[in-house]
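Visitor: Here's a structure for you.
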Amino acid sequence: MDRTRPTIDEQPVGAATQDRLWSQFGALIYDPFLAGGERLGMRARRADLLGAATGRVLEIGAGTGLNLQHYPLGAEELLLTEPEPAMLRRLHARAAGSHRPTPTVVALAAADALPADDASVDTVVSTLVLCTIPDVDAALAEIVRVLRPGGRLLFVEHVRADDARLARSQDRWAGPWAAFAMGCRCDRDTLAALGRRFDIERVTHGRWRGMPWLVRPLIMGAAVPIPDERFARTKP
């Protein structure tokens, strides 16, 4: 196999959560819907974040592949996972057209069932993904499983607002927004979820300019798994 060309594994992992036609529509409008936000800062955030990706890199919920252009050419391997078949087809096409020298694998996989061995990945990347995962704690446990000792999670996520008024609005509109945005939860306290499984090395807060107000609060940073013995002591 030519490992410099992206390969694709289309065996489903996990259950699809959206109607097929709605998922196809979502994949079709995904890039145009995000285009304004990309121009107004998200593209630069991706580049800044992914410059720190090293070794064997696994991205969860890679979508249509907007991160591809920002990965360092020196990465050992890219494993791009995506649970939605319609998104996966666009991801594979973008990966095939990128002509990157880095070996690249594209796989249909949910974040709570990653196609990687224990302790086999140096960097996991999550950009605007943890909001859509039904069981975020299970997904974070799976990320911990695949990371090597010293490995890192790099993340950019929209989150529940610190401002009480905006947080109440997110709560009020969470259901309709999730129905429109393919399961995205605008009211999820992702930083708290990360803190249950990871030591946060750094985090910055920002605004996702050019996007609906419900999803504008952002966090960006890096985290390392809490050691097993310490995590066991903190479990209820």
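Ordered as shown in the structure tokens, chains take letters A, B, and onward, while each chain numbers its residues from 1 and ligands are numbered from 1 in the order shown.
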Counting only C-alpha atoms, give me one row per residue of segment 51-136 of chain A with an atom at most 6 Å from an atom of segment 147-167 of chain A, showing the shortest contact pair and its distance in Å to one decimal, sorted by chain then residue number, as JSON lines.
Guide:
```
{"residue": "A:Ala119", "atom": "CA", "partner": "A:Arg148", "partner_atom": "CA", "distance": 4.0}
{"residue": "A:Ser120", "atom": "CA", "partner": "A:Arg148", "partner_atom": "CA", "distance": 5.6}
{"residue": "A:Val121", "atom": "CA", "partner": "A:Leu147", "partner_atom": "CA", "distance": 4.8}
{"residue": "A:Asp122", "atom": "CA", "partner": "A:Gly151", "partner_atom": "CA", "distance": 4.6}
{"residue": "A:Thr123", "atom": "CA", "partner": "A:Arg152", "partner_atom": "CA", "distance": 5.1}
{"residue": "A:Val124", "atom": "CA", "partner": "A:Leu153", "partner_atom": "CA", "distance": 4.7}
{"residue": "A:Val125", "atom": "CA", "partner": "A:Leu154", "partner_atom": "CA", "distance": 4.9}
{"residue": "A:Ser126", "atom": "CA", "partner": "A:Phe155", "partner_atom": "CA", "distance": 4.8}
{"residue": "A:Thr127", "atom": "CA", "partner": "A:Val156", "partner_atom": "CA", "distance": 4.7}
{"residue": "A:Leu128", "atom": "CA", "partner": "A:Glu157", "partner_atom": "CA", "distance": 4.6}
```
Visitor: Need the shell around Pro134 of chain A: protein/DNA/RNA residues with any atom at most 10 Å away, counting only C-alpha atoms. Skip same-chain ones fewer than 3 positions apart. Format as a ChimeraX atom specification?
Guide: /A:17,111-112,130-131,137-139,183-185
Visitor: Take the residues just selected and output them with N, CA and C atoms as a compact mmCIF listing (two decimals), in the first residue's frame.
Guide:
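What ended up in result_23.txt:
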```
# COMPACT_ATOMS: atom_id res chain seq x y z
N THR A 17 -26.60 8.98 14.35
CA THR A 17 -27.58 9.67 15.19
C THR A 17 -28.49 10.60 14.39
N ALA A 111 -16.13 8.75 18.17
CA ALA A 111 -15.10 9.13 19.13
C ALA A 111 -15.02 8.20 20.32
N ASP A 112 -16.08 7.43 20.58
CA ASP A 112 -16.04 6.50 21.71
C ASP A 112 -15.62 5.10 21.28
N LEU A 130 -16.57 18.05 20.44
CA LEU A 130 -17.07 17.50 21.70
C LEU A 130 -18.50 17.94 22.00
N CYS A 131 -18.95 19.01 21.35
CA CYS A 131 -20.33 19.46 21.52
C CYS A 131 -21.35 18.50 20.92
N ASP A 137 -18.11 11.89 28.11
CA ASP A 137 -17.18 11.25 29.05
C ASP A 137 -16.61 9.96 28.46
N ALA A 138 -17.45 9.19 27.76
CA ALA A 138 -16.96 7.96 27.12
C ALA A 138 -15.94 8.29 26.03
N ALA A 139 -16.18 9.35 25.29
CA ALA A 139 -15.24 9.75 24.24
C ALA A 139 -13.91 10.20 24.85
N GLY A 183 -27.11 17.55 16.24
CA GLY A 183 -26.80 17.07 17.58
C GLY A 183 -25.90 17.96 18.39
N CYS A 184 -25.47 19.07 17.84
CA CYS A 184 -24.57 19.98 18.56
C CYS A 184 -25.27 20.55 19.80
N ARG A 185 -24.58 20.50 20.95
CA ARG A 185 -25.12 21.05 22.19
C ARG A 185 -24.45 22.38 22.49
```
Visitor: Determine which residues of segment 51-235 of chain A DSSP labels as helix (DSSP H, G or I) from the backbone of this structure, then write them out as a PyMOL selection string.
Guide: chain A and resi 68-70+85-98+136-146+164-180+190-197+213-215+228-234
Visitor: Using only C-alpha atoms, which of A:Gly26, A:Gly41, A:Asp48, A:Ala110 sits nearest Ala62 of chain A?
Guide: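 Counting only C-alpha atoms, the residue closest to Ala62 of chain A is A:Ala110.
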Visitor: Find the residues near Ala95 of chain A: any atom within 12 Å, counting only C-alpha atoms, skip ones fewer than 5 places away on the same chain, and give them as a PDB file with N, CA, C and O atoms, in the first residue's frame.
Guide:
```pdb
ATOM      1  N   THR A   4       1.580   7.129   1.450  1.00  0.00           N
ATOM      2  CA  THR A   4       1.506   8.573   1.280  1.00  0.00           C
ATOM      3  C   THR A   4       0.159   8.999   0.717  1.00  0.00           C
ATOM      4  O   THR A   4      -0.129  10.172   0.600  1.00  0.00           O
ATOM      5  N   ARG A   5      -0.681   8.043   0.325  1.00  0.00           N
ATOM      6  CA  ARG A   5      -2.015   8.331  -0.172  1.00  0.00           C
ATOM      7  C   ARG A   5      -3.038   7.987   0.897  1.00  0.00           C
ATOM      8  O   ARG A   5      -2.891   6.998   1.612  1.00  0.00           O
ATOM      9  N   PRO A   6      -4.075   8.793   1.066  1.00  0.00           N
ATOM     10  CA  PRO A   6      -5.072   8.472   2.090  1.00  0.00           C
ATOM     11  C   PRO A   6      -5.819   7.191   1.755  1.00  0.00           C
ATOM     12  O   PRO A   6      -6.167   6.943   0.613  1.00  0.00           O
ATOM     13  N   THR A   7      -6.006   6.367   2.764  1.00  0.00           N
ATOM     14  CA  THR A   7      -6.822   5.172   2.614  1.00  0.00           C
ATOM     15  C   THR A   7      -8.111   5.394   3.376  1.00  0.00           C
ATOM     16  O   THR A   7      -8.235   6.293   4.203  1.00  0.00           O
ATOM     17  N   ILE A   8      -9.097   4.561   3.114  1.00  0.00           N
ATOM     18  CA  ILE A   8     -10.406   4.751   3.743  1.00  0.00           C
ATOM     19  C   ILE A   8     -10.949   3.424   4.235  1.00  0.00           C
ATOM     20  O   ILE A   8     -10.846   2.406   3.560  1.00  0.00           O
ATOM     21  N   ALA A  62     -13.346  14.616  12.205  1.00  0.00           N
ATOM     22  CA  ALA A  62     -12.584  15.472  11.284  1.00  0.00           C
ATOM     23  C   ALA A  62     -13.460  16.186  10.271  1.00  0.00           C
ATOM     24  O   ALA A  62     -12.977  17.056   9.542  1.00  0.00           O
ATOM     25  N   GLY A  63     -14.745  15.841  10.188  1.00  0.00           N
ATOM     26  CA  GLY A  63     -15.668  16.568   9.328  1.00  0.00           C
ATOM     27  C   GLY A  63     -15.272  16.515   7.869  1.00  0.00           C
ATOM     28  O   GLY A  63     -15.004  15.448   7.312  1.00  0.00           O
ATOM     29  N   THR A  64     -15.201  17.682   7.244  1.00  0.00           N
ATOM     30  CA  THR A  64     -14.839  17.767   5.826  1.00  0.00           C
ATOM     31  C   THR A  64     -13.349  17.994   5.625  1.00  0.00           C
ATOM     32  O   THR A  64     -12.895  18.174   4.499  1.00  0.00           O
ATOM     33  N   GLY A  65     -12.579  18.031   6.716  1.00  0.00           N
ATOM     34  CA  GLY A  65     -11.131  18.148   6.589  1.00  0.00           C
ATOM     35  C   GLY A  65     -10.585  19.558   6.628  1.00  0.00           C
ATOM     36  O   GLY A  65      -9.511  19.820   6.084  1.00  0.00           O
ATOM     37  N   LEU A  66     -11.254  20.476   7.313  1.00  0.00           N
ATOM     38  CA  LEU A  66     -10.783  21.852   7.368  1.00  0.00           C
ATOM     39  C   LEU A  66      -9.438  21.989   8.085  1.00  0.00           C
ATOM     40  O   LEU A  66      -8.732  22.991   7.894  1.00  0.00           O
ATOM     41  N   ASN A  67      -9.086  21.009   8.896  1.00  0.00           N
ATOM     42  CA  ASN A  67      -7.795  21.078   9.590  1.00  0.00           C
ATOM     43  C   ASN A  67      -6.619  20.622   8.736  1.00  0.00           C
ATOM     44  O   ASN A  67      -5.464  20.880   9.085  1.00  0.00           O
ATOM     45  N   LEU A  68      -6.884  19.934   7.643  1.00  0.00           N
ATOM     46  CA  LEU A  68      -5.809  19.262   6.905  1.00  0.00           C
ATOM     47  C   LEU A  68      -4.666  20.192   6.530  1.00  0.00           C
ATOM     48  O   LEU A  68      -3.487  19.839   6.662  1.00  0.00           O
ATOM     49  N   GLN A  69      -4.970  21.361   6.048  1.00  0.00           N
ATOM     50  CA  GLN A  69      -3.925  22.262   5.565  1.00  0.00           C
ATOM     51  C   GLN A  69      -3.030  22.789   6.679  1.00  0.00           C
ATOM     52  O   GLN A  69      -1.959  23.344   6.408  1.00  0.00           O
ATOM     53  N   TYR A  71      -1.852  20.934   9.446  1.00  0.00           N
ATOM     54  CA  TYR A  71      -0.996  19.977  10.135  1.00  0.00           C
ATOM     55  C   TYR A  71       0.455  20.126   9.685  1.00  0.00           C
ATOM     56  O   TYR A  71       0.719  20.313   8.490  1.00  0.00           O
ATOM     57  N   LEU A  78      -1.184  10.746   9.984  1.00  0.00           N
ATOM     58  CA  LEU A  78      -2.472  11.324  10.321  1.00  0.00           C
ATOM     59  C   LEU A  78      -3.542  10.248  10.227  1.00  0.00           C
ATOM     60  O   LEU A  78      -3.648   9.567   9.200  1.00  0.00           O
ATOM     61  N   LEU A  79      -4.306  10.077  11.284  1.00  0.00           N
ATOM     62  CA  LEU A  79      -5.466   9.193  11.291  1.00  0.00           C
ATOM     63  C   LEU A  79      -6.682  10.078  11.520  1.00  0.00           C
ATOM     64  O   LEU A  79      -6.876  10.615  12.613  1.00  0.00           O
ATOM     65  N   LEU A  80      -7.480  10.273  10.477  1.00  0.00           N
ATOM     66  CA  LEU A  80      -8.626  11.173  10.518  1.00  0.00           C
ATOM     67  C   LEU A  80      -9.901  10.353  10.642  1.00  0.00           C
ATOM     68  O   LEU A  80     -10.227   9.563   9.760  1.00  0.00           O
ATOM     69  N   THR A  81     -10.627  10.521  11.741  1.00  0.00           N
ATOM     70  CA  THR A  81     -11.845   9.751  11.979  1.00  0.00           C
ATOM     71  C   THR A  81     -13.057  10.657  11.894  1.00  0.00           C
ATOM     72  O   THR A  81     -13.015  11.833  12.266  1.00  0.00           O
ATOM     73  N   LEU A  88     -17.667  11.906   5.739  1.00  0.00           N
ATOM     74  CA  LEU A  88     -16.477  11.103   5.456  1.00  0.00           C
ATOM     75  C   LEU A  88     -16.105  11.154   3.980  1.00  0.00           C
ATOM     76  O   LEU A  88     -14.922  11.233   3.630  1.00  0.00           O
ATOM     77  N   ARG A  89     -17.096  11.128   3.099  1.00  0.00           N
ATOM     78  CA  ARG A  89     -16.796  11.183   1.667  1.00  0.00           C
ATOM     79  C   ARG A  89     -16.106  12.490   1.300  1.00  0.00           C
ATOM     80  O   ARG A  89     -15.158  12.502   0.505  1.00  0.00           O
ATOM     81  N   ARG A  90     -16.540  13.593   1.882  1.00  0.00           N
ATOM     82  CA  ARG A  90     -15.908  14.883   1.613  1.00  0.00           C
ATOM     83  C   ARG A  90     -14.518  14.948   2.246  1.00  0.00           C
ATOM     84  O   ARG A  90     -13.581  15.525   1.676  1.00  0.00           O
ATOM     85  N   ARG A 100      -0.416  15.574   0.521  1.00  0.00           N
ATOM     86  CA  ARG A 100       0.523  15.676   1.642  1.00  0.00           C
ATOM     87  C   ARG A 100       1.505  14.515   1.614  1.00  0.00           C
ATOM     88  O   ARG A 100       1.138  13.386   1.282  1.00  0.00           O
ATOM     89  N   PRO A 101       2.764  14.736   2.008  1.00  0.00           N
ATOM     90  CA  PRO A 101       3.710  13.625   2.094  1.00  0.00           C
ATOM     91  C   PRO A 101       3.462  12.730   3.301  1.00  0.00           C
ATOM     92  O   PRO A 101       3.944  11.596   3.351  1.00  0.00           O
ATOM     93  N   THR A 102       2.702  13.236   4.284  1.00  0.00           N
ATOM     94  CA  THR A 102       2.438  12.462   5.495  1.00  0.00           C
ATOM     95  C   THR A 102       1.478  11.316   5.209  1.00  0.00           C
ATOM     96  O   THR A 102       0.420  11.531   4.610  1.00  0.00           O
ATOM     97  N   PRO A 103       1.809  10.082   5.621  1.00  0.00           N
ATOM     98  CA  PRO A 103       0.831   8.994   5.497  1.00  0.00           C
ATOM     99  C   PRO A 103      -0.483   9.373   6.178  1.00  0.00           C
ATOM    100  O   PRO A 103      -0.495   9.815   7.322  1.00  0.00           O
ATOM    101  N   THR A 104      -1.587   9.220   5.450  1.00  0.00           N
ATOM    102  CA  THR A 104      -2.892   9.674   5.932  1.00  0.00           C
ATOM    103  C   THR A 104      -3.920   8.565   5.775  1.00  0.00           C
ATOM    104  O   THR A 104      -4.063   8.003   4.694  1.00  0.00           O
ATOM    105  N   VAL A 105      -4.615   8.269   6.862  1.00  0.00           N
ATOM    106  CA  VAL A 105      -5.667   7.260   6.862  1.00  0.00           C
ATOM    107  C   VAL A 105      -6.969   7.946   7.257  1.00  0.00           C
ATOM    108  O   VAL A 105      -7.010   8.727   8.207  1.00  0.00           O
ATOM    109  N   VAL A 106      -8.040   7.674   6.517  1.00  0.00           N
ATOM    110  CA  VAL A 106      -9.365   8.211   6.806  1.00  0.00           C
ATOM    111  C   VAL A 106     -10.260   7.045   7.211  1.00  0.00           C
ATOM    112  O   VAL A 106     -10.347   6.054   6.483  1.00  0.00           O
ATOM    113  N   ALA A 107     -10.904   7.160   8.360  1.00  0.00           N
ATOM    114  CA  ALA A 107     -11.698   6.038   8.859  1.00  0.00           C
ATOM    115  C   ALA A 107     -13.050   6.498   9.383  1.00  0.00           C
ATOM    116  O   ALA A 107     -13.148   7.545  10.043  1.00  0.00           O
TER     117      ALA A 107
END
```
Visitor: Quick one: pull the distance between atom CA of Arg202 of chain A and atom CA of Ala75 of chain A, Å, one decimal.
Guide: 21.8 Å
Visitor: State, in Å with one decimal place, the distance from atom CA of Ala141 of chain A to atom CA of Pro176 of chain A.
Guide: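 About the pair atom CA of Ala141 of chain A and atom CA of Pro176 of chain A: they are 28.4 Å apart.
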Visitor: Identify which of the residues A:Ser23, A:Pro225, A:Leu73, A:Leu218 lies closest to Gly195 of chain A, counting only C-alpha atoms when measuring atom-to-atom distances.
Guide: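 Going through A:Ser23, A:Pro225, A:Leu73, A:Leu218 one by one, the smallest distance to Gly195 of chain A is for A:Pro225.
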Visitor: Have a look at A:Glu59, A:Asp187, A:Asp199, A:Asp171 and name the one nearest to Val146 of chain A; count only C-alpha atoms.
Guide: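 Checking each of A:Glu59, A:Asp187, A:Asp199, A:Asp171 against Val146 of chain A, counting only C-alpha atoms, the winner is A:Glu59.
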Visitor: A:Gly51, A:Gly74, A:Gly175, A:Gly61: which is nearest Ile133 of chain A, counting only C-alpha atoms?
Guide: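 Using only C-alpha atoms, Ile133 of chain A sits closest to A:Gly61.
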Visitor: To one decimal in Å, tell me the separation between atom CA of Arg39 of chain A and atom CA of His99 of chain A.
Guide: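 Computed distance, atom CA of Arg39 of chain A to atom CA of His99 of chain A, equals 23.6 Å.
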Visitor: According to DSSP computed on the backbone, where in segment 22-230 of chain A is there strand (DSSP E)? Give the residues as a ChimeraX atom specification.
Guide: /A:56-59,77-82,104-108,121-127,147-158,198-207,217-225
Visitor: Can you pull out every residue within 8 Å of Leu40 of chain A, counting only C-alpha atoms, but drop anything in the same chain fewer than 4 positions away, and send it as a PyMOL selection string?
Guide: chain A and resi 36+209-210
Visitor: Store the residues of this selection in a file with C-alpha atoms, as a CSV table (one decimal), in the first residue's frame.
Guide:
```
chain,number,residue,atom,x,y,z
A,36,GLY,CA,-17.5,33.4,7.8
A,209,ARG,CA,-16.8,35.6,15.4
A,210,GLY,CA,-19.1,35.3,12.4
```
